[in-house]
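**Student:** Input structure: entry.txt, which contains compact mmCIF, C-alpha atoms and all ligand atoms.
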# COMPACT_ATOMS: atom_id res chain seq x y z
CA MET A 1 38.93 70.86 -4.71
CA ARG A 2 35.35 71.20 -5.93
CA ARG A 3 35.40 67.64 -7.29
CA LEU A 4 36.67 66.42 -3.94
CA LEU A 5 33.82 68.20 -2.16
CA VAL A 6 31.23 66.79 -4.59
CA ALA A 7 32.70 63.30 -4.24
CA GLY A 8 32.65 63.64 -0.46
CA ALA A 9 29.03 64.81 -0.55
CA VAL A 10 28.09 61.84 -2.76
CA VAL A 11 29.75 59.39 -0.38
CA LEU A 12 28.13 61.07 2.60
CA ALA A 13 24.72 61.00 0.91
CA GLY A 14 25.30 57.34 0.15
CA LEU A 15 26.24 56.55 3.74
CA THR A 16 23.31 58.59 5.03
CA GLY A 17 21.05 56.71 2.66
CA VAL A 18 22.33 53.39 4.01
CA ALA A 19 21.95 54.59 7.60
CA ILE A 20 18.41 55.81 6.89
CA GLY A 21 17.69 52.46 5.20
CA GLN A 22 18.84 50.61 8.28
CA GLU A 23 17.06 53.08 10.54
CA ASN A 24 13.74 52.57 8.73
CA TYR A 25 14.17 48.78 8.33
CA PRO A 26 11.94 46.96 7.57
CA THR A 27 9.99 48.87 4.95
CA LYS A 28 8.61 45.72 3.22
CA PRO A 29 7.76 42.09 4.18
CA VAL A 30 10.56 39.87 5.50
CA THR A 31 10.90 36.32 4.14
CA VAL A 32 11.93 33.57 6.52
CA VAL A 33 13.08 30.44 4.71
CA VAL A 34 12.27 27.07 6.31
CA PRO A 35 14.64 24.32 5.06
CA PHE A 36 12.03 21.54 5.23
CA ALA A 37 8.53 20.86 3.92
CA ALA A 38 5.51 22.69 5.29
CA GLY A 39 3.71 21.06 8.20
CA GLY A 40 6.86 19.70 9.86
CA PRO A 41 8.47 20.72 13.16
CA THR A 42 10.72 23.45 11.73
CA ASP A 43 7.78 24.93 9.87
CA THR A 44 5.63 24.77 13.02
CA VAL A 45 8.19 26.60 15.18
CA THR A 46 8.70 29.23 12.47
CA ARG A 47 5.02 29.97 11.90
CA LEU A 48 4.42 30.26 15.63
CA ILE A 49 7.06 32.99 16.09
CA ALA A 50 6.43 34.69 12.72
CA GLU A 51 3.18 36.30 13.81
CA PRO A 52 4.48 38.10 16.95
CA MET A 53 7.76 38.97 15.18
CA SER A 54 5.81 40.69 12.43
CA LYS A 55 3.98 42.74 15.08
CA THR A 56 7.25 44.08 16.49
CA LEU A 57 8.75 44.67 13.03
CA GLY A 58 5.59 46.26 11.64
CA GLN A 59 5.90 44.21 8.48
CA GLN A 60 4.53 40.84 7.39
CA ILE A 61 6.80 37.80 7.78
CA VAL A 62 6.41 35.47 4.78
CA VAL A 63 7.33 31.82 5.44
CA GLN A 64 8.92 30.12 2.43
CA ASN A 65 9.56 26.35 2.50
CA VAL A 66 12.69 25.37 0.56
CA ALA A 67 13.29 21.66 1.21
CA GLY A 68 16.14 19.46 0.00
CA ALA A 69 19.52 17.97 0.90
CA GLY A 70 18.78 17.82 4.61
CA GLY A 71 18.26 21.57 4.85
CA THR A 72 21.50 22.58 3.12
CA LEU A 73 19.72 23.76 -0.05
CA ALA A 74 17.88 26.47 1.87
CA ALA A 75 20.91 27.41 3.96
CA GLY A 76 22.96 27.93 0.78
CA GLN A 77 20.17 29.99 -0.77
CA VAL A 78 20.03 32.35 2.22
CA ALA A 79 23.83 32.54 2.44
CA ARG A 80 23.79 33.91 -1.13
CA ALA A 81 20.85 36.28 -0.60
CA GLN A 82 21.14 40.07 -0.36
CA PRO A 83 22.37 40.97 3.18
CA ASP A 84 19.54 43.50 3.59
CA GLY A 85 17.49 41.82 6.31
CA TYR A 86 14.65 40.81 3.96
CA THR A 87 15.69 37.15 3.63
CA ILE A 88 16.39 35.20 6.81
CA LEU A 89 16.54 31.49 7.68
CA MET A 90 15.21 29.28 10.44
CA HIS A 91 17.41 26.22 10.93
CA HIS A 92 18.25 23.71 13.61
CA ILE A 93 21.00 21.35 14.77
CA GLY A 94 21.47 20.40 11.11
CA MET A 95 23.40 23.65 10.61
CA SER A 96 26.13 22.21 12.87
CA THR A 97 26.28 18.70 11.35
CA ALA A 98 26.27 19.72 7.67
CA PRO A 99 29.94 20.88 7.57
CA THR A 100 31.02 17.33 8.49
CA LEU A 101 28.36 15.46 6.51
CA TYR A 102 28.62 17.44 3.25
CA LYS A 103 32.17 17.49 1.86
CA ASN A 104 31.29 20.07 -0.82
CA LEU A 105 28.99 22.26 1.27
CA PRO A 106 28.52 25.45 -0.83
CA TYR A 107 28.67 27.70 2.23
CA ASP A 108 30.47 28.03 5.55
CA PRO A 109 27.86 28.36 8.32
CA LEU A 110 30.16 30.58 10.37
CA LYS A 111 31.43 32.80 7.52
CA ASP A 112 28.53 33.00 5.03
CA LEU A 113 25.70 33.36 7.52
CA ALA A 114 25.13 35.76 10.40
CA THR A 115 23.39 34.59 13.56
CA ILE A 116 20.34 36.42 14.93
CA GLY A 117 19.54 34.31 17.98
CA LEU A 118 18.56 30.90 19.34
CA VAL A 119 14.85 30.07 19.42
CA THR A 120 14.09 26.78 21.17
CA GLU A 121 15.39 23.28 21.98
CA VAL A 122 12.96 20.54 20.95
CA PRO A 123 12.96 16.99 22.36
CA MET A 124 12.64 14.00 20.01
CA THR A 125 10.39 10.96 20.23
CA ILE A 126 11.04 7.46 18.94
CA ILE A 127 7.82 6.41 17.22
CA ALA A 128 6.44 3.79 14.82
CA ARG A 129 3.36 3.06 12.75
CA LYS A 130 0.61 2.08 15.24
CA ASP A 131 0.45 -1.62 14.20
CA PHE A 132 4.25 -2.10 14.29
CA GLU A 133 4.85 -5.33 16.23
CA PRO A 134 7.32 -4.20 18.93
CA GLY A 135 5.46 -2.89 21.99
CA THR A 136 8.38 -1.57 24.01
CA MET A 137 11.78 -0.03 23.27
CA GLU A 138 13.42 -3.31 24.28
CA GLU A 139 11.21 -5.21 21.80
CA LEU A 140 11.93 -2.54 19.16
CA VAL A 141 15.68 -2.98 19.53
CA GLN A 142 15.38 -6.77 19.22
CA TYR A 143 12.89 -6.57 16.34
CA VAL A 144 15.11 -4.18 14.36
CA LYS A 145 18.09 -6.50 14.93
CA ASP A 146 16.09 -9.54 13.75
CA HIS A 147 14.47 -7.78 10.77
CA LYS A 148 17.17 -5.26 9.80
CA ASP A 149 16.70 -5.98 6.07
CA GLN A 150 12.93 -5.56 6.19
CA VAL A 151 12.26 -2.55 8.45
CA THR A 152 12.19 1.01 7.04
CA TYR A 153 13.20 4.19 8.91
CA ALA A 154 11.90 7.59 7.76
CA ASN A 155 13.97 10.78 7.88
CA ALA A 156 14.16 14.19 6.22
CA GLY A 157 17.44 13.68 4.42
CA ILE A 158 21.10 13.52 5.45
CA GLY A 159 21.74 16.22 8.03
CA ALA A 160 18.16 16.43 9.25
CA ALA A 161 17.50 15.99 12.96
CA SER A 162 15.57 12.80 12.17
CA HIS A 163 18.65 11.53 10.32
CA LEU A 164 20.97 12.39 13.22
CA CYS A 165 18.71 10.73 15.78
CA GLY A 166 18.46 7.67 13.54
CA LEU A 167 22.25 7.55 13.24
CA LEU A 168 22.61 7.50 17.02
CA LEU A 169 19.78 4.98 17.42
CA MET A 170 21.25 2.55 14.89
CA LYS A 171 24.63 2.92 16.60
CA GLU A 172 22.94 1.91 19.87
CA ILE A 173 21.17 -1.04 18.25
CA GLY A 174 24.25 -2.00 16.24
CA VAL A 175 22.61 -2.41 12.82
CA GLU A 176 21.95 -0.41 9.65
CA VAL A 177 18.44 -0.31 8.19
CA THR A 178 16.81 1.02 5.03
CA THR A 179 16.09 4.73 5.37
CA VAL A 180 13.33 6.46 3.44
CA PRO A 181 14.15 10.18 2.92
CA TYR A 182 11.38 12.79 2.79
CA GLN A 183 11.32 16.56 2.13
CA GLY A 184 10.52 16.95 5.82
CA THR A 185 9.14 14.98 8.74
CA GLY A 186 5.74 16.50 8.11
CA PRO A 187 5.21 14.28 5.04
CA ALA A 188 7.18 11.48 6.71
CA LEU A 189 4.73 11.42 9.62
CA THR A 190 1.80 11.26 7.18
CA ASP A 191 3.30 8.08 5.69
CA LEU A 192 4.02 6.67 9.15
CA VAL A 193 0.38 7.20 10.18
CA GLY A 194 -0.61 5.60 6.88
CA GLY A 195 1.63 2.60 7.58
CA GLN A 196 3.86 3.14 4.51
CA VAL A 197 7.03 3.30 6.64
CA ASP A 198 7.88 1.57 9.92
CA PHE A 199 9.54 3.92 12.40
CA MET A 200 11.16 7.31 12.89
CA CYS A 201 12.71 9.65 15.43
CA ASP A 202 11.08 13.06 15.24
CA GLN A 203 10.53 16.21 17.24
CA THR A 204 7.68 16.62 19.71
CA THR A 205 6.60 19.77 17.83
CA ASN A 206 5.46 17.37 15.12
CA THR A 207 4.60 14.13 16.91
CA THR A 208 2.78 15.16 20.11
CA GLY A 209 -0.69 15.23 18.52
CA GLN A 210 -0.36 11.83 16.82
CA ILE A 211 1.10 10.25 19.96
CA LYS A 212 -1.76 11.56 22.11
CA SER A 213 -4.38 10.43 19.58
CA GLY A 214 -2.82 6.97 19.24
CA GLU A 215 -2.23 7.41 15.49
CA VAL A 216 1.39 6.34 16.06
CA LYS A 217 3.10 4.09 18.58
CA ALA A 218 5.59 5.89 20.86
CA TYR A 219 8.48 4.17 22.61
CA ALA A 220 10.44 6.95 24.30
CA VAL A 221 11.32 10.61 24.51
CA THR A 222 14.99 11.56 24.09
CA THR A 223 15.30 13.82 27.15
CA GLY A 224 16.71 13.21 30.60
CA GLU A 225 13.29 13.82 32.22
CA ARG A 226 9.76 12.92 31.10
CA LEU A 227 7.79 15.69 29.40
CA GLN A 228 4.74 17.32 31.03
CA SER A 229 3.14 17.26 27.58
CA LEU A 230 3.65 13.46 27.31
CA PRO A 231 3.76 12.28 30.95
CA ASP A 232 3.18 8.59 30.09
CA LEU A 233 6.03 8.40 27.60
CA PRO A 234 9.19 7.01 29.24
CA THR A 235 12.56 8.59 28.68
CA ALA A 236 14.96 6.59 26.52
CA ALA A 237 16.94 5.80 29.67
CA GLU A 238 13.84 4.41 31.42
CA ALA A 239 13.03 2.45 28.27
CA GLY A 240 16.43 0.76 28.23
CA LEU A 241 18.70 3.17 26.33
CA PRO A 242 20.64 4.92 29.12
CA GLY A 243 22.30 8.16 28.04
CA PHE A 244 20.37 8.35 24.78
CA GLU A 245 19.57 12.08 24.75
CA VAL A 246 19.09 14.27 21.67
CA SER A 247 17.45 17.67 21.53
CA VAL A 248 17.06 19.84 18.45
CA TRP A 249 18.17 23.44 18.96
CA HIS A 250 16.86 26.03 16.48
CA GLY A 251 18.18 29.46 15.50
CA LEU A 252 17.52 32.30 13.07
CA TYR A 253 20.16 33.36 10.51
CA ALA A 254 20.70 36.17 7.99
CA PRO A 255 23.23 36.38 5.14
CA ALA A 256 26.72 37.38 6.32
CA GLY A 257 27.24 41.11 5.92
CA THR A 258 23.75 42.02 7.11
CA PRO A 259 24.26 45.33 8.98
CA GLU A 260 24.44 45.05 12.78
CA PRO A 261 21.47 47.42 13.39
CA ILE A 262 19.28 45.14 11.27
CA LEU A 263 20.48 42.00 13.09
CA GLU A 264 19.75 43.72 16.40
CA LYS A 265 16.22 44.66 15.23
CA LEU A 266 15.58 41.05 14.21
CA SER A 267 16.98 39.77 17.52
CA ALA A 268 14.74 42.23 19.41
CA ALA A 269 11.69 41.02 17.44
CA LEU A 270 12.68 37.40 18.20
CA LYS A 271 12.95 38.18 21.92
CA ASP A 272 9.46 39.73 21.88
CA ALA A 273 8.09 36.66 20.07
CA LEU A 274 9.62 34.30 22.63
CA LYS A 275 7.71 36.16 25.36
CA ASP A 276 4.44 36.09 23.41
CA GLU A 277 1.70 34.31 25.40
CA ASN A 278 0.55 32.13 22.51
CA VAL A 279 4.11 31.10 21.62
CA VAL A 280 4.86 30.11 25.22
CA LYS A 281 1.55 28.20 25.48
CA ARG A 282 1.84 26.39 22.12
CA PHE A 283 5.51 25.55 22.66
CA ALA A 284 4.60 24.01 26.05
CA GLU A 285 1.75 21.99 24.52
CA LEU A 286 4.24 20.69 21.95
CA GLY A 287 6.84 19.66 24.52
CA THR A 288 9.23 22.56 24.22
CA ALA A 289 9.86 26.10 25.50
CA PRO A 290 11.38 29.35 24.20
CA VAL A 291 15.06 29.85 25.06
CA SER A 292 15.87 32.46 27.70
CA GLU A 293 16.25 36.04 26.42
CA ASP A 294 20.05 36.01 26.77
CA LEU A 295 20.24 33.15 24.24
CA ALA A 296 18.10 34.93 21.63
CA THR A 297 21.15 37.00 20.67
CA PRO A 298 23.73 36.75 17.85
CA ALA A 299 26.60 36.18 20.30
CA ALA A 300 24.94 33.30 22.14
CA HIS A 301 23.81 31.74 18.85
CA THR A 302 27.32 31.94 17.34
CA GLU A 303 28.75 30.33 20.47
CA ARG A 304 26.23 27.46 20.29
CA LEU A 305 26.82 26.89 16.56
CA THR A 306 30.60 26.91 16.93
CA SER A 307 30.60 24.45 19.85
CA GLN A 308 28.05 22.16 18.16
CA ILE A 309 30.07 21.93 14.92
CA GLU A 310 33.05 20.78 17.03
CA LEU A 311 30.91 18.41 19.12
CA TRP A 312 29.27 16.56 16.20
CA ARG A 313 32.32 16.36 13.90
CA PRO A 314 34.00 13.34 15.62
CA ILE A 315 30.65 11.61 16.25
CA ILE A 316 29.72 11.78 12.57
CA GLN A 317 33.24 10.87 11.41
CA GLU A 318 33.25 7.86 13.75
CA ALA A 319 29.87 6.79 12.34
CA GLY A 320 31.48 6.96 8.90
CA VAL A 321 28.52 8.83 7.41
CA SER A 322 28.68 11.49 4.73
CA ALA A 323 26.29 12.86 2.16
CA GLN A 324 28.63 12.60 -0.82
C1 LIG A 401 11.30 19.15 9.61
O1 LIG A 401 10.97 20.29 9.91
O2 LIG A 401 10.79 18.49 8.69
C2 LIG A 401 12.36 18.47 10.43
O3 LIG A 401 13.10 19.41 11.15
C3 LIG A 401 13.19 17.62 9.57
C4 LIG A 401 14.28 17.04 10.42
O4 LIG A 401 15.19 17.81 10.75
O5 LIG A 401 14.18 15.87 10.76
Show the structure stored in the file as structure tokens.
Ligand code: MLT
**Tutor:**
Amino acid sequence: MRRLLVAGAVVLAGLTGVAIGQENYPTKPVTVVVPFAAGGPTDTVTRLIAEPMSKTLGQQIVVQNVAGAGGTLAAGQVARAQPDGYTILMHHIGMSTAPTLYKNLPYDPLKDLATIGLVTEVPMTIIARKDFEPGTMEELVQYVKDHKDQVTYANAGIGAASHLCGLLLMKEIGVEVTTVPYQGTGPALTDLVGGQVDFMCDQTTNTTGQIKSGEVKAYAVTTGERLQSLPDLPTAAEAGLPGFEVSVWHGLYAPAGTPEPILEKLSAALKDALKDENVVKRFAELGTAPVSEDLATPAAHTERLTSQIELWRPIIQEAGVSAQ
């Protein structure tokens, strides 16, 4: 009987310890992994929300860039991390396309990761190096058709948003071109400004500054309406590609098995960050906006991820693209 009591006390102490651990979480800095190179759109969104999130959590948020394989390297790393709330991931639409693109994906986004909440939906812009000959979208389409073996398209690897947008664009134009993969569209944009690569489709959180300063040529934005941040940039439909709309949704993830109270604390910190004045202002300047509070929740995020995996599967299969 005594042994039973002692064993029970040990288990209870253990459970209490876990509960206290969750109750006091976080007691040390939280790492958020960004699956692309520093300076790109995913990095920008992450660093903007990291500061107000750390205020709510009372601990520093450390941003760690882990680029490679279109974002799947980082996603796999976080899926295998300790489910203790100290390693989380920022990722975007690429989380929903990877299961179809990567036959041997080393994780299941819905089983090996836990959702924390959606963050923002970012429009994309079709841009080129500033001395690229085509002046309009119509001229770009014709030029790419006539020079398909010469032009080069930059992206951040198979599964990146820039890859997905390029896939859809080439489908519209009806050709395949040489793609130049980068560790992120931050470095890709540097090469585009430098004239080392011809064109790209990238998020406004990365391209707005260079479009405004004329360091790149911009043909269209991939939203149904023009952006207040880029009022002179026509929509793809206005520019001659009706129905060409792509926006890059972002969400925060933790390893599967992370205790609910910790996920809720992270979701609460995300909601605070999405109401932060500077986040709202900077997101608007960069052509985007925080999602509404009801979407910054695990349930809403899981629903979006599930529906997006189903939506993109046939599109990618029809395009006949895969990473392996
Ligand atoms: C980045 O942050 O570099 C981009 O999200 C890459 C991409 O998805 O195109």
**Student:** For Val34 of chain A, which residue out of A:Gln22, A:Ser96, A:Gln183, A:Thr136 is the nearest one, using only C-alpha atoms?
**Tutor:**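 When distances to Val34 of chain A are compared using only C-alpha atoms, the smallest one comes from A:Gln183.
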**Student:** Using only C-alpha atoms and all ligand atoms, determine which residues fall within 7 Å of ligand LIG 401 (chain A), then list them as a VMD selection string.
**Tutor:** chain A and resid 36 to 37 40 to 43 94 155 to 156 160 to 163 183 to 186 202
**Student:** So how many Å separate atom CA of Gly194 of chain A and atom CA of Thr178 of chain A, to one decimal?
**Tutor:**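 Those two atoms sit 18.1 Å apart.
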**Student:** List the neighbours of Ala319 of chain A out to 9 Å using all atoms listed in the file; skip same-chain residues closer than 3 positions along the sequence, and give me the result as a PDB file with C-alpha atoms, in the coordinates of the input.
**Tutor:**
ATOM      1  CA  LEU A 167      22.250   7.550  13.240  1.00  0.00           C
ATOM      2  CA  LEU A 168      22.610   7.500  17.020  1.00  0.00           C
ATOM      3  CA  LYS A 171      24.630   2.920  16.600  1.00  0.00           C
ATOM      4  CA  PRO A 314      34.000  13.340  15.620  1.00  0.00           C
ATOM      5  CA  ILE A 315      30.650  11.610  16.250  1.00  0.00           C
ATOM      6  CA  ILE A 316      29.720  11.780  12.570  1.00  0.00           C
TER       7      ILE A 316
END
**Student:** Using all atoms listed in the file for the distances, tell me which of A:Gly135, A:Ile49, A:Gln77, A:Thr31 is nearest to Ile61 of chain A.
**Tutor:**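 So, comparing all the options, the nearest one is A:Thr31.
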**Student:** Between A:Ile93, A:Leu286, A:Asp131, A:Val180, which has the minimum distance to Ser247 of chain A (counting only C-alpha atoms)?
**Tutor:**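 Of all the options, A:Ile93 lies closest to Ser247 of chain A.
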**Student:** Of the candidates A:Pro187, A:Pro298, A:Gly68, A:Gly39, which shows the shortest atom-to-atom distance to Thr258 of chain A, using all atoms listed in the file?
**Tutor:**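 Smallest distance to Thr258 of chain A is found for A:Pro298.
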**Student:** Kindly give the distance, in Å, that separates atom CA of Val63 of chain A and atom CA of Val78 of chain A, rounded to a single decimal.
**Tutor:**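 Rounded to one decimal, the two atoms are 13.1 Å apart.
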**Student:** For Ala50 of chain A, find every residue with an atom within 9 Å (counting only C-alpha atoms), except residues of its own chain fewer than 2 positions away, and show them as a PyMOL selection string.
**Tutor:** chain A and resi 32+45-48+52-55+60-63+270+273
**Student:** What is the atom CA of Ala323 of chain A-atom CA of Asn206 of chain A distance in Å, reported with one decimal?
**Tutor:**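 Distance reported for this atom pair: 24.9 Å.
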**Student:** Find the residues near Ile211 of chain A: any atom within 12 Å, counting only C-alpha atoms, skip ones fewer than 4 places away on the same chain, and give them as a PyMOL selection string.
**Tutor:** chain A and resi 125-130+189+192-193+202-207+215-221+229-233+286-287
**Student:** Using only C-alpha atoms, pick whichever of A:Ala300, A:Ala98, A:Ala67, A:Ala239 has the shortest atom-to-atom distance to Ile116 of chain A.
**Tutor:**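 Closest to Ile116 of chain A, using only C-alpha atoms: A:Ala300.
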**Student:** For a quick check of understanding, using all atoms listed in the file, which of A:Leu241, A:Ala284, A:Ala254, A:Ile262 has the smallest distance to Pro123 of chain A?
**Tutor:**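 Looking only at the distances to Pro123 of chain A, the closest residue turns out to be A:Ala284.
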**Student:** Report as a list in words all protein, DNA and RNA residues lying within 7 Å of Lys148 of chain A, evaluated on all atoms listed in the file, omitting residues in the same chain fewer than 2 positions from it.
**Tutor:**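 Selected residues are Val144, Lys145, Asp146, Gln150, Val151, Val175, Glu176 and Val177 of chain A.
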**Student:** Taking all atoms of segment 303-322 of chain A that the file lists and extending 8 Å past them on each side, where is the centre of the axis-aligned box and how long are its edges? Answer in Å to one decimal, as lines of an AutoDock Vina configuration file.
**Tutor:**
center_x = 30.1
center_y = 18.6
center_z = 12.6
size_x = 23.8
size_y = 39.5
size_z = 31.7
**Student:** My structure is short of atoms at segment 259-280 of chain A; please model N, CA, C and O atoms there, returning them as a CSV table (one decimal), keeping the file's coordinate frame.
**Tutor:**
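Writing the result to rebuild-v4.csv gives the following:
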chain,number,residue,atom,x,y,z
A,259,PRO,N,23.8,44.3,8.0
A,259,PRO,CA,24.3,45.3,9.0
A,259,PRO,C,23.8,45.0,10.4
A,259,PRO,O,22.7,44.5,10.6
A,260,GLU,N,24.7,45.3,11.4
A,260,GLU,CA,24.4,45.0,12.8
A,260,GLU,C,23.1,45.6,13.2
A,260,GLU,O,22.3,44.9,13.9
A,261,PRO,N,22.8,46.9,12.9
A,261,PRO,CA,21.5,47.4,13.4
A,261,PRO,C,20.3,46.6,12.9
A,261,PRO,O,19.3,46.4,13.7
A,262,ILE,N,20.4,46.0,11.8
A,262,ILE,CA,19.3,45.1,11.3
A,262,ILE,C,19.2,43.8,12.0
A,262,ILE,O,18.2,43.4,12.5
A,263,LEU,N,20.4,43.2,12.3
A,263,LEU,CA,20.5,42.0,13.1
A,263,LEU,C,19.9,42.2,14.5
A,263,LEU,O,19.2,41.4,15.0
A,264,GLU,N,20.2,43.4,15.1
A,264,GLU,CA,19.8,43.7,16.4
A,264,GLU,C,18.2,43.9,16.4
A,264,GLU,O,17.5,43.4,17.3
A,265,LYS,N,17.7,44.5,15.3
A,265,LYS,CA,16.2,44.7,15.2
A,265,LYS,C,15.5,43.3,15.1
A,265,LYS,O,14.5,43.0,15.8
A,266,LEU,N,16.2,42.4,14.4
A,266,LEU,CA,15.6,41.0,14.2
A,266,LEU,C,15.7,40.3,15.5
A,266,LEU,O,14.7,39.6,15.9
A,267,SER,N,16.8,40.5,16.2
A,267,SER,CA,17.0,39.8,17.5
A,267,SER,C,16.0,40.3,18.5
A,267,SER,O,15.4,39.5,19.3
A,268,ALA,N,15.7,41.6,18.5
A,268,ALA,CA,14.7,42.2,19.4
A,268,ALA,C,13.3,41.7,19.1
A,268,ALA,O,12.6,41.3,20.0
A,269,ALA,N,13.0,41.5,17.8
A,269,ALA,CA,11.7,41.0,17.4
A,269,ALA,C,11.6,39.6,17.9
A,269,ALA,O,10.5,39.1,18.3
A,270,LEU,N,12.7,38.8,17.8
A,270,LEU,CA,12.7,37.4,18.2
A,270,LEU,C,12.4,37.3,19.7
A,270,LEU,O,11.6,36.5,20.2
A,271,LYS,N,13.1,38.2,20.5
A,271,LYS,CA,13.0,38.2,21.9
A,271,LYS,C,11.5,38.5,22.3
A,271,LYS,O,10.9,37.8,23.2
A,272,ASP,N,10.9,39.4,21.6
A,272,ASP,CA,9.5,39.7,21.9
A,272,ASP,C,8.6,38.5,21.6
A,272,ASP,O,7.7,38.1,22.4
A,273,ALA,N,8.9,37.8,20.5
A,273,ALA,CA,8.1,36.7,20.1
A,273,ALA,C,8.2,35.6,21.1
A,273,ALA,O,7.2,34.8,21.4
A,274,LEU,N,9.4,35.4,21.7
A,274,LEU,CA,9.6,34.3,22.6
A,274,LEU,C,8.9,34.6,24.0
A,274,LEU,O,8.8,33.7,24.8
A,275,LYS,N,8.5,35.8,24.1
A,275,LYS,CA,7.7,36.2,25.4
A,275,LYS,C,6.2,36.2,25.1
A,275,LYS,O,5.4,36.3,26.0
A,276,ASP,N,5.9,36.0,23.8
A,276,ASP,CA,4.4,36.1,23.4
A,276,ASP,C,3.7,34.9,24.1
A,276,ASP,O,4.1,33.8,24.1
A,277,GLU,N,2.5,35.3,24.6
A,277,GLU,CA,1.7,34.3,25.4
A,277,GLU,C,1.4,33.1,24.6
A,277,GLU,O,1.5,31.9,25.1
A,278,ASN,N,0.9,33.3,23.3
A,278,ASN,CA,0.6,32.1,22.5
A,278,ASN,C,1.7,31.3,22.2
A,278,ASN,O,1.7,30.0,22.2
A,279,VAL,N,2.9,31.9,21.9
A,279,VAL,CA,4.1,31.1,21.6
A,279,VAL,C,4.5,30.2,22.8
A,279,VAL,O,4.7,29.0,22.7
A,280,VAL,N,4.5,30.8,24.0
A,280,VAL,CA,4.9,30.1,25.2
A,280,VAL,C,3.9,28.9,25.4
A,280,VAL,O,4.3,27.8,25.7
